[in-house]
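Enquirer: What follows is the file input_29.csv, containing CSV, N, CA and C atoms:
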```
chain,number,residue,atom,x,y,z
A,1,MET,N,-5.9,19.3,-14.6
A,1,MET,CA,-4.7,19.2,-13.8
A,1,MET,C,-5.0,19.4,-12.3
A,2,SER,N,-4.4,18.6,-11.5
A,2,SER,CA,-4.7,18.7,-10.0
A,2,SER,C,-3.8,19.7,-9.4
A,3,CYS,N,-4.3,20.3,-8.3
A,3,CYS,CA,-3.5,21.2,-7.5
A,3,CYS,C,-2.6,20.5,-6.6
A,4,GLU,N,-1.3,20.8,-6.5
A,4,GLU,CA,-0.4,20.2,-5.5
A,4,GLU,C,-0.2,21.2,-4.4
A,5,ILE,N,-0.2,20.6,-3.2
A,5,ILE,CA,0.0,21.4,-1.9
A,5,ILE,C,1.0,20.6,-1.0
A,6,SER,N,1.4,21.3,0.0
A,6,SER,CA,2.1,20.6,1.1
A,6,SER,C,1.4,20.9,2.4
A,7,CYS,N,1.6,20.0,3.4
A,7,CYS,CA,0.9,20.2,4.7
A,7,CYS,C,1.9,19.6,5.8
A,8,HIS,N,2.0,20.4,6.8
A,8,HIS,CA,2.8,20.1,8.0
A,8,HIS,C,1.7,19.7,9.0
A,9,ILE,N,1.8,18.5,9.6
A,9,ILE,CA,0.8,18.0,10.5
A,9,ILE,C,1.4,17.6,11.8
A,10,LEU,N,0.8,18.1,12.9
A,10,LEU,CA,1.3,17.7,14.3
A,10,LEU,C,0.1,17.0,14.9
A,11,ILE,N,0.3,15.8,15.3
A,11,ILE,CA,-0.7,14.9,15.9
A,11,ILE,C,-0.4,14.7,17.4
A,12,SER,N,-1.3,14.9,18.3
A,12,SER,CA,-1.1,14.7,19.7
A,12,SER,C,-2.1,13.7,20.2
A,13,GLY,N,-1.8,13.1,21.4
A,13,GLY,CA,-2.6,12.1,22.0
A,13,GLY,C,-1.7,10.9,22.3
A,14,ARG,N,-2.3,9.7,22.3
A,14,ARG,CA,-1.5,8.5,22.4
A,14,ARG,C,-1.2,8.0,21.0
A,15,VAL,N,-0.1,8.6,20.5
A,15,VAL,CA,0.3,8.4,19.1
A,15,VAL,C,1.7,7.8,18.9
A,16,GLN,N,2.4,7.6,19.9
A,16,GLN,CA,3.7,6.9,19.8
A,16,GLN,C,3.6,5.5,20.4
A,17,GLY,N,4.3,4.6,19.9
A,17,GLY,CA,4.3,3.2,20.4
A,17,GLY,C,3.1,2.5,19.9
A,18,VAL,N,2.4,3.0,18.9
A,18,VAL,CA,1.1,2.3,18.3
A,18,VAL,C,1.2,2.1,16.8
A,19,LEU,N,2.4,2.2,16.3
A,19,LEU,CA,2.7,2.0,14.9
A,19,LEU,C,2.2,3.1,14.0
A,20,PHE,N,2.0,4.3,14.6
A,20,PHE,CA,1.5,5.5,13.8
A,20,PHE,C,2.4,5.8,12.6
A,21,ARG,N,3.7,5.8,12.8
A,21,ARG,CA,4.6,6.1,11.7
A,21,ARG,C,4.6,5.1,10.6
A,22,ALA,N,4.5,3.8,11.0
A,22,ALA,CA,4.5,2.8,9.9
A,22,ALA,C,3.2,2.8,9.1
A,23,TYR,N,2.1,3.0,9.8
A,23,TYR,CA,0.8,3.1,9.1
A,23,TYR,C,0.8,4.4,8.2
A,24,THR,N,1.3,5.5,8.7
A,24,THR,CA,1.4,6.7,7.9
A,24,THR,C,2.2,6.6,6.7
A,25,GLU,N,3.4,5.9,6.9
A,25,GLU,CA,4.3,5.7,5.7
A,25,GLU,C,3.6,4.9,4.7
A,26,ARG,N,2.9,3.8,5.1
A,26,ARG,CA,2.2,2.9,4.1
A,26,ARG,C,1.1,3.7,3.4
A,27,LEU,N,0.3,4.4,4.1
A,27,LEU,CA,-0.8,5.1,3.5
A,27,LEU,C,-0.3,6.2,2.6
A,28,ALA,N,0.6,7.0,3.0
A,28,ALA,CA,1.2,8.1,2.2
A,28,ALA,C,1.8,7.5,0.9
A,29,GLY,N,2.5,6.4,1.0
A,29,GLY,CA,3.1,5.8,-0.2
A,29,GLY,C,2.0,5.3,-1.1
A,30,SER,N,1.0,4.7,-0.6
A,30,SER,CA,-0.1,4.2,-1.5
A,30,SER,C,-0.8,5.3,-2.2
A,31,LEU,N,-0.8,6.5,-1.5
A,31,LEU,CA,-1.5,7.7,-2.1
A,31,LEU,C,-0.6,8.4,-3.1
A,32,GLY,N,0.7,8.1,-3.2
A,32,GLY,CA,1.6,8.7,-4.0
A,32,GLY,C,2.2,10.0,-3.5
A,33,LEU,N,2.1,10.2,-2.1
A,33,LEU,CA,2.6,11.4,-1.5
A,33,LEU,C,4.1,11.3,-1.2
A,34,VAL,N,4.8,12.4,-1.1
A,34,VAL,CA,6.2,12.4,-0.7
A,34,VAL,C,6.3,13.2,0.6
A,35,GLY,N,7.3,12.9,1.4
A,35,GLY,CA,7.6,13.6,2.6
A,35,GLY,C,8.1,12.7,3.7
A,36,TRP,N,7.7,12.9,5.0
A,36,TRP,CA,8.2,12.2,6.1
A,36,TRP,C,7.3,12.2,7.3
A,37,VAL,N,7.6,11.3,8.2
A,37,VAL,CA,6.9,11.2,9.5
A,37,VAL,C,7.9,10.9,10.5
A,38,LYS,N,7.8,11.5,11.7
A,38,LYS,CA,8.7,11.2,12.8
A,38,LYS,C,8.0,11.5,14.2
A,39,ASN,N,8.6,10.8,15.2
A,39,ASN,CA,8.2,11.0,16.6
A,39,ASN,C,8.9,12.3,17.1
A,40,LEU,N,8.2,13.0,17.9
A,40,LEU,CA,8.8,14.2,18.6
A,40,LEU,C,9.0,13.8,20.1
A,41,ARG,N,10.0,14.5,20.7
A,41,ARG,CA,10.3,14.2,22.1
A,41,ARG,C,9.2,14.5,23.0
A,42,ASP,N,8.3,15.4,22.6
A,42,ASP,CA,7.2,15.7,23.5
A,42,ASP,C,6.0,14.8,23.4
A,43,GLY,N,6.1,13.7,22.7
A,43,GLY,CA,5.1,12.6,22.6
A,43,GLY,C,4.2,12.8,21.3
A,44,ARG,N,4.3,13.9,20.6
A,44,ARG,CA,3.5,14.0,19.4
A,44,ARG,C,4.2,13.3,18.2
A,45,VAL,N,3.5,13.2,17.1
A,45,VAL,CA,4.0,12.7,15.8
A,45,VAL,C,3.9,13.9,14.8
A,46,GLU,N,5.0,14.1,14.1
A,46,GLU,CA,5.0,15.2,13.1
A,46,GLU,C,5.1,14.5,11.7
A,47,VAL,N,4.3,15.1,10.8
A,47,VAL,CA,4.2,14.6,9.4
A,47,VAL,C,4.4,15.8,8.5
A,48,TYR,N,5.2,15.6,7.4
A,48,TYR,CA,5.2,16.6,6.3
A,48,TYR,C,4.9,15.9,5.1
A,49,CYS,N,4.0,16.3,4.3
A,49,CYS,CA,3.6,15.6,3.0
A,49,CYS,C,3.4,16.6,1.9
A,50,GLU,N,3.6,16.2,0.7
A,50,GLU,CA,3.3,16.9,-0.5
A,50,GLU,C,2.6,16.0,-1.5
A,51,GLY,N,1.8,16.7,-2.3
A,51,GLY,CA,1.1,15.9,-3.4
A,51,GLY,C,-0.2,16.6,-3.8
A,52,GLU,N,-1.0,15.8,-4.5
A,52,GLU,CA,-2.3,16.3,-4.9
A,52,GLU,C,-3.2,16.6,-3.7
A,53,LYS,N,-3.9,17.7,-3.8
A,53,LYS,CA,-4.7,18.2,-2.7
A,53,LYS,C,-5.6,17.1,-2.1
A,54,GLU,N,-6.3,16.4,-3.0
A,54,GLU,CA,-7.3,15.4,-2.6
A,54,GLU,C,-6.6,14.3,-1.8
A,55,LYS,N,-5.4,13.9,-2.2
A,55,LYS,CA,-4.7,12.9,-1.6
A,55,LYS,C,-4.1,13.3,-0.2
A,56,VAL,N,-3.6,14.6,-0.2
A,56,VAL,CA,-3.1,15.1,1.1
A,56,VAL,C,-4.3,15.2,2.1
A,57,GLU,N,-5.4,15.6,1.6
A,57,GLU,CA,-6.6,15.6,2.5
A,57,GLU,C,-7.0,14.2,3.0
A,58,LYS,N,-6.8,13.2,2.2
A,58,LYS,CA,-7.1,11.8,2.7
A,58,LYS,C,-6.2,11.4,3.8
A,59,LEU,N,-4.9,11.8,3.7
A,59,LEU,CA,-3.9,11.5,4.7
A,59,LEU,C,-4.2,12.3,6.0
A,60,ILE,N,-4.6,13.5,5.9
A,60,ILE,CA,-5.0,14.4,7.0
A,60,ILE,C,-6.2,13.7,7.7
A,61,GLU,N,-7.2,13.3,7.0
A,61,GLU,CA,-8.4,12.7,7.6
A,61,GLU,C,-8.0,11.5,8.3
A,62,TRP,N,-7.1,10.6,7.8
A,62,TRP,CA,-6.7,9.4,8.5
A,62,TRP,C,-5.9,9.8,9.7
A,63,CYS,N,-5.1,10.8,9.7
A,63,CYS,CA,-4.3,11.2,10.9
A,63,CYS,C,-5.2,11.6,12.0
A,64,GLY,N,-6.4,12.0,11.8
A,64,GLY,CA,-7.4,12.4,12.8
A,64,GLY,C,-7.8,11.2,13.6
A,65,ASN,N,-7.6,10.0,13.1
A,65,ASN,CA,-8.0,8.8,13.8
A,65,ASN,C,-6.7,7.9,14.1
A,66,GLY,N,-5.8,7.8,13.1
A,66,GLY,CA,-4.6,7.0,13.3
A,66,GLY,C,-4.9,5.5,13.3
A,67,PRO,N,-3.9,4.7,13.6
A,67,PRO,CA,-4.1,3.2,13.6
A,67,PRO,C,-5.0,2.8,14.8
A,68,PRO,N,-5.4,1.6,14.8
A,68,PRO,CA,-6.4,1.1,15.8
A,68,PRO,C,-6.0,1.4,17.3
A,69,SER,N,-4.8,1.3,17.6
A,69,SER,CA,-4.3,1.5,19.0
A,69,SER,C,-4.1,2.9,19.4
A,70,ALA,N,-4.2,3.8,18.4
A,70,ALA,CA,-3.9,5.2,18.7
A,70,ALA,C,-5.2,5.9,19.3
A,71,ARG,N,-5.0,7.0,20.1
A,71,ARG,CA,-6.0,7.8,20.6
A,71,ARG,C,-5.7,9.3,20.3
A,72,VAL,N,-6.1,9.7,19.1
A,72,VAL,CA,-5.7,11.1,18.7
A,72,VAL,C,-6.5,12.1,19.4
A,73,ARG,N,-5.8,13.1,20.0
A,73,ARG,CA,-6.5,14.2,20.8
A,73,ARG,C,-6.6,15.4,19.9
A,74,ASP,N,-5.6,15.7,19.2
A,74,ASP,CA,-5.6,17.0,18.4
A,74,ASP,C,-4.7,16.8,17.2
A,75,VAL,N,-5.1,17.5,16.1
A,75,VAL,CA,-4.3,17.6,14.9
A,75,VAL,C,-4.2,19.0,14.5
A,76,GLU,N,-2.9,19.5,14.3
A,76,GLU,CA,-2.7,20.9,13.9
A,76,GLU,C,-2.1,20.8,12.5
A,77,LEU,N,-2.6,21.7,11.6
A,77,LEU,CA,-2.3,21.7,10.2
A,77,LEU,C,-1.7,23.1,9.8
A,78,LYS,N,-0.7,23.0,8.9
A,78,LYS,CA,-0.2,24.2,8.3
A,78,LYS,C,0.1,23.9,6.8
A,79,TYR,N,-0.7,24.5,6.0
A,79,TYR,CA,-0.6,24.3,4.5
A,79,TYR,C,0.5,25.2,3.9
A,80,GLY,N,1.0,24.8,2.8
A,80,GLY,CA,2.0,25.6,2.0
A,80,GLY,C,2.1,25.1,0.6
A,81,GLU,N,3.1,25.7,0.0
A,81,GLU,CA,3.5,25.3,-1.4
A,81,GLU,C,4.5,24.1,-1.3
A,82,PRO,N,4.4,23.1,-2.2
A,82,PRO,CA,5.4,22.1,-2.2
A,82,PRO,C,6.8,22.6,-2.5
A,83,VAL,N,7.8,22.0,-1.9
A,83,VAL,CA,9.2,22.4,-2.1
A,83,VAL,C,9.9,21.3,-2.9
A,84,HIS,N,9.3,20.1,-3.1
A,84,HIS,CA,9.9,19.1,-4.0
A,84,HIS,C,11.3,18.7,-3.6
A,85,GLN,N,11.6,18.5,-2.2
A,85,GLN,CA,12.9,18.2,-1.8
A,85,GLN,C,13.1,16.6,-1.7
A,86,THR,N,12.1,15.9,-1.9
A,86,THR,CA,12.2,14.4,-1.8
A,86,THR,C,11.3,13.8,-2.8
A,87,LYS,N,11.6,12.5,-3.2
A,87,LYS,CA,10.7,11.8,-4.1
A,87,LYS,C,10.1,10.6,-3.5
A,88,VAL,N,10.2,10.5,-2.2
A,88,VAL,CA,9.6,9.3,-1.4
A,88,VAL,C,9.0,9.8,-0.2
A,89,PHE,N,8.2,8.9,0.5
A,89,PHE,CA,7.7,9.2,1.8
A,89,PHE,C,8.4,8.2,2.8
A,90,GLU,N,9.0,8.8,3.8
A,90,GLU,CA,9.9,7.9,4.7
A,90,GLU,C,9.7,8.2,6.2
A,91,ILE,N,10.1,7.3,7.0
A,91,ILE,CA,10.1,7.5,8.4
A,91,ILE,C,11.4,8.1,8.8
A,92,LEU,N,11.4,9.2,9.5
A,92,LEU,CA,12.7,9.8,10.0
A,92,LEU,C,12.8,9.3,11.5
A,93,ARG,N,14.0,9.0,11.9
A,93,ARG,CA,14.3,8.6,13.2
A,93,ARG,C,14.9,9.7,14.0
```
Do you think you could lay out the structure here as structure tokens?

Expert:
Amino acid sequence: MSCEISCHILISGRVQGVLFRAYTERLAGSLGLVGWVKNLRDGRVEVYCEGEKEKVEKLIEWCGNGPPSARVRDVELKYGEPVHQTKVFEILR
């Protein structure tokens, strides 16, 4: 049985206006993760995801690079227990 975790991710750099949210939603969905992604007013992108540890780690690794046009400067992580508040991964506006 796999271990389930949650992770709150803050990504900074050139991460808005480069389809970061769309790529994140697509990858998270393909990995079977649930949660959300949104732009912050300060220019960062915020992600919350839940799922199998190995799959969450794959999303985190991808967030360190982002889509082709992005320039990720920093990734902050905060792990926790899943709260199971959603059954999908979505873009929040």

Enquirer: Restrict the calculation to all atoms listed in the file, then for each residue of stretch 4-28 of chain A with any atom at most 5 Å from an atom of stretch 35-52 of chain A give the closest atom pair and their distance in Å to one decimal, rows by chain and rising residue number, as a Markdown table.

Expert:
```
| residue | atom | partner | partner_atom | distance |
| --- | --- | --- | --- | --- |
| A:Glu4 | CA | A:Gly51 | C | 4.0 |
| A:Ile5 | N | A:Gly51 | C | 4.0 |
| A:Ser6 | CA | A:Glu50 | CA | 4.2 |
| A:Cys7 | N | A:Cys49 | C | 4.1 |
| A:His8 | CA | A:Tyr48 | CA | 4.6 |
| A:Ile9 | N | A:Val47 | C | 3.9 |
| A:Leu10 | CA | A:Glu46 | CA | 4.6 |
| A:Ile11 | N | A:Val45 | C | 4.1 |
| A:Ser12 | CA | A:Arg44 | CA | 4.7 |
```

Enquirer: Tell me which of A:Val15, A:Ala28, A:Val34, A:Ala22 sits closest to A:Val88, counting only C-alpha atoms.

Expert: A:Val34

Enquirer: Using only C-alpha atoms, which residue out of A:Val18, A:Cys3, A:Ile91, A:Leu33 lies closest to A:Val72?

Expert: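 The answer is A:Val18, which sits nearest to A:Val72.
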
Enquirer: Please, what distance in Å, to one decimal, runs between atom CA of A:Leu77 and atom C of A:Trp62?

Expert: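 Taking atom CA of A:Leu77 and atom C of A:Trp62, their separation equals 12.4 Å.
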
Enquirer: Hey, what does DSSP flag as strand (DSSP E or B) within chain A? Can you give it to me as an MDAnalysis selection string?

Expert: chainID A and resid 4:14 34:39 45:52 71:80 89:91

Enquirer: Can you work out which one of A:Phe89, A:Ser69, A:Lys53, A:Pro82 has the shortest atom-to-atom distance to A:Arg26, counting all atoms listed in the file?

Expert: A:Phe89

Enquirer: Determine which residues of chain A receive a DSSP assignment of helix (DSSP H, G or I), computed from the backbone, and state them as a list in words.

Expert: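 Here is the list: Phe20, Arg21, Ala22, Tyr23, Thr24, Glu25, Arg26, Leu27, Ala28, Gly29, Ser30, Leu31, Lys53, Glu54, Lys55, Val56, Glu57, Lys58, Leu59, Ile60, Glu61, Trp62 and Cys63 of chain A.
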
Enquirer: What does the file look like for those residues with N, CA and C atoms, as a PDB file, keeping the file's coordinate frame?

Expert:
```pdb
ATOM      1  N   PHE A  20       2.000   4.300  14.600  1.00  0.00           N
ATOM      2  CA  PHE A  20       1.500   5.500  13.800  1.00  0.00           C
ATOM      3  C   PHE A  20       2.400   5.800  12.600  1.00  0.00           C
ATOM      4  N   ARG A  21       3.700   5.800  12.800  1.00  0.00           N
ATOM      5  CA  ARG A  21       4.600   6.100  11.700  1.00  0.00           C
ATOM      6  C   ARG A  21       4.600   5.100  10.600  1.00  0.00           C
ATOM      7  N   ALA A  22       4.500   3.800  11.000  1.00  0.00           N
ATOM      8  CA  ALA A  22       4.500   2.800   9.900  1.00  0.00           C
ATOM      9  C   ALA A  22       3.200   2.800   9.100  1.00  0.00           C
ATOM     10  N   TYR A  23       2.100   3.000   9.800  1.00  0.00           N
ATOM     11  CA  TYR A  23       0.800   3.100   9.100  1.00  0.00           C
ATOM     12  C   TYR A  23       0.800   4.400   8.200  1.00  0.00           C
ATOM     13  N   THR A  24       1.300   5.500   8.700  1.00  0.00           N
ATOM     14  CA  THR A  24       1.400   6.700   7.900  1.00  0.00           C
ATOM     15  C   THR A  24       2.200   6.600   6.700  1.00  0.00           C
ATOM     16  N   GLU A  25       3.400   5.900   6.900  1.00  0.00           N
ATOM     17  CA  GLU A  25       4.300   5.700   5.700  1.00  0.00           C
ATOM     18  C   GLU A  25       3.600   4.900   4.700  1.00  0.00           C
ATOM     19  N   ARG A  26       2.900   3.800   5.100  1.00  0.00           N
ATOM     20  CA  ARG A  26       2.200   2.900   4.100  1.00  0.00           C
ATOM     21  C   ARG A  26       1.100   3.700   3.400  1.00  0.00           C
ATOM     22  N   LEU A  27       0.300   4.400   4.100  1.00  0.00           N
ATOM     23  CA  LEU A  27      -0.800   5.100   3.500  1.00  0.00           C
ATOM     24  C   LEU A  27      -0.300   6.200   2.600  1.00  0.00           C
ATOM     25  N   ALA A  28       0.600   7.000   3.000  1.00  0.00           N
ATOM     26  CA  ALA A  28       1.200   8.100   2.200  1.00  0.00           C
ATOM     27  C   ALA A  28       1.800   7.500   0.900  1.00  0.00           C
ATOM     28  N   GLY A  29       2.500   6.400   1.000  1.00  0.00           N
ATOM     29  CA  GLY A  29       3.100   5.800  -0.200  1.00  0.00           C
ATOM     30  C   GLY A  29       2.000   5.300  -1.100  1.00  0.00           C
ATOM     31  N   SER A  30       1.000   4.700  -0.600  1.00  0.00           N
ATOM     32  CA  SER A  30      -0.100   4.200  -1.500  1.00  0.00           C
ATOM     33  C   SER A  30      -0.800   5.300  -2.200  1.00  0.00           C
ATOM     34  N   LEU A  31      -0.800   6.500  -1.500  1.00  0.00           N
ATOM     35  CA  LEU A  31      -1.500   7.700  -2.100  1.00  0.00           C
ATOM     36  C   LEU A  31      -0.600   8.400  -3.100  1.00  0.00           C
ATOM     37  N   LYS A  53      -3.900  17.700  -3.800  1.00  0.00           N
ATOM     38  CA  LYS A  53      -4.700  18.200  -2.700  1.00  0.00           C
ATOM     39  C   LYS A  53      -5.600  17.100  -2.100  1.00  0.00           C
ATOM     40  N   GLU A  54      -6.300  16.400  -3.000  1.00  0.00           N
ATOM     41  CA  GLU A  54      -7.300  15.400  -2.600  1.00  0.00           C
ATOM     42  C   GLU A  54      -6.600  14.300  -1.800  1.00  0.00           C
ATOM     43  N   LYS A  55      -5.400  13.900  -2.200  1.00  0.00           N
ATOM     44  CA  LYS A  55      -4.700  12.900  -1.600  1.00  0.00           C
ATOM     45  C   LYS A  55      -4.100  13.300  -0.200  1.00  0.00           C
ATOM     46  N   VAL A  56      -3.600  14.600  -0.200  1.00  0.00           N
ATOM     47  CA  VAL A  56      -3.100  15.100   1.100  1.00  0.00           C
ATOM     48  C   VAL A  56      -4.300  15.200   2.100  1.00  0.00           C
ATOM     49  N   GLU A  57      -5.400  15.600   1.600  1.00  0.00           N
ATOM     50  CA  GLU A  57      -6.600  15.600   2.500  1.00  0.00           C
ATOM     51  C   GLU A  57      -7.000  14.200   3.000  1.00  0.00           C
ATOM     52  N   LYS A  58      -6.800  13.200   2.200  1.00  0.00           N
ATOM     53  CA  LYS A  58      -7.100  11.800   2.700  1.00  0.00           C
ATOM     54  C   LYS A  58      -6.200  11.400   3.800  1.00  0.00           C
ATOM     55  N   LEU A  59      -4.900  11.800   3.700  1.00  0.00           N
ATOM     56  CA  LEU A  59      -3.900  11.500   4.700  1.00  0.00           C
ATOM     57  C   LEU A  59      -4.200  12.300   6.000  1.00  0.00           C
ATOM     58  N   ILE A  60      -4.600  13.500   5.900  1.00  0.00           N
ATOM     59  CA  ILE A  60      -5.000  14.400   7.000  1.00  0.00           C
ATOM     60  C   ILE A  60      -6.200  13.700   7.700  1.00  0.00           C
ATOM     61  N   GLU A  61      -7.200  13.300   7.000  1.00  0.00           N
ATOM     62  CA  GLU A  61      -8.400  12.700   7.600  1.00  0.00           C
ATOM     63  C   GLU A  61      -8.000  11.500   8.300  1.00  0.00           C
ATOM     64  N   TRP A  62      -7.100  10.600   7.800  1.00  0.00           N
ATOM     65  CA  TRP A  62      -6.700   9.400   8.500  1.00  0.00           C
ATOM     66  C   TRP A  62      -5.900   9.800   9.700  1.00  0.00           C
ATOM     67  N   CYS A  63      -5.100  10.800   9.700  1.00  0.00           N
ATOM     68  CA  CYS A  63      -4.300  11.200  10.900  1.00  0.00           C
ATOM     69  C   CYS A  63      -5.200  11.600  12.000  1.00  0.00           C
TER      70      CYS A  63
END
```

Enquirer: Could you please determine the separation between atom C of A:Tyr23 and atom C of A:Ala70 in Å, to one decimal place?

Expert: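 A separation of 12.7 Å between them.
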
Enquirer: State, in Å with one decimal place, the distance from atom C of A:Asp74 to atom CA of A:Glu25.

Expert: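 Here the two named atoms are 18.3 Å from each other.
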
Enquirer: With distances taken over only N, CA and C atoms, which residue among A:Lys78, A:Arg71, A:His84, A:Arg93 lies nearest A:Gln16?

Expert: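 Residue with the minimum atom-to-atom distance to A:Gln16: A:Arg71.
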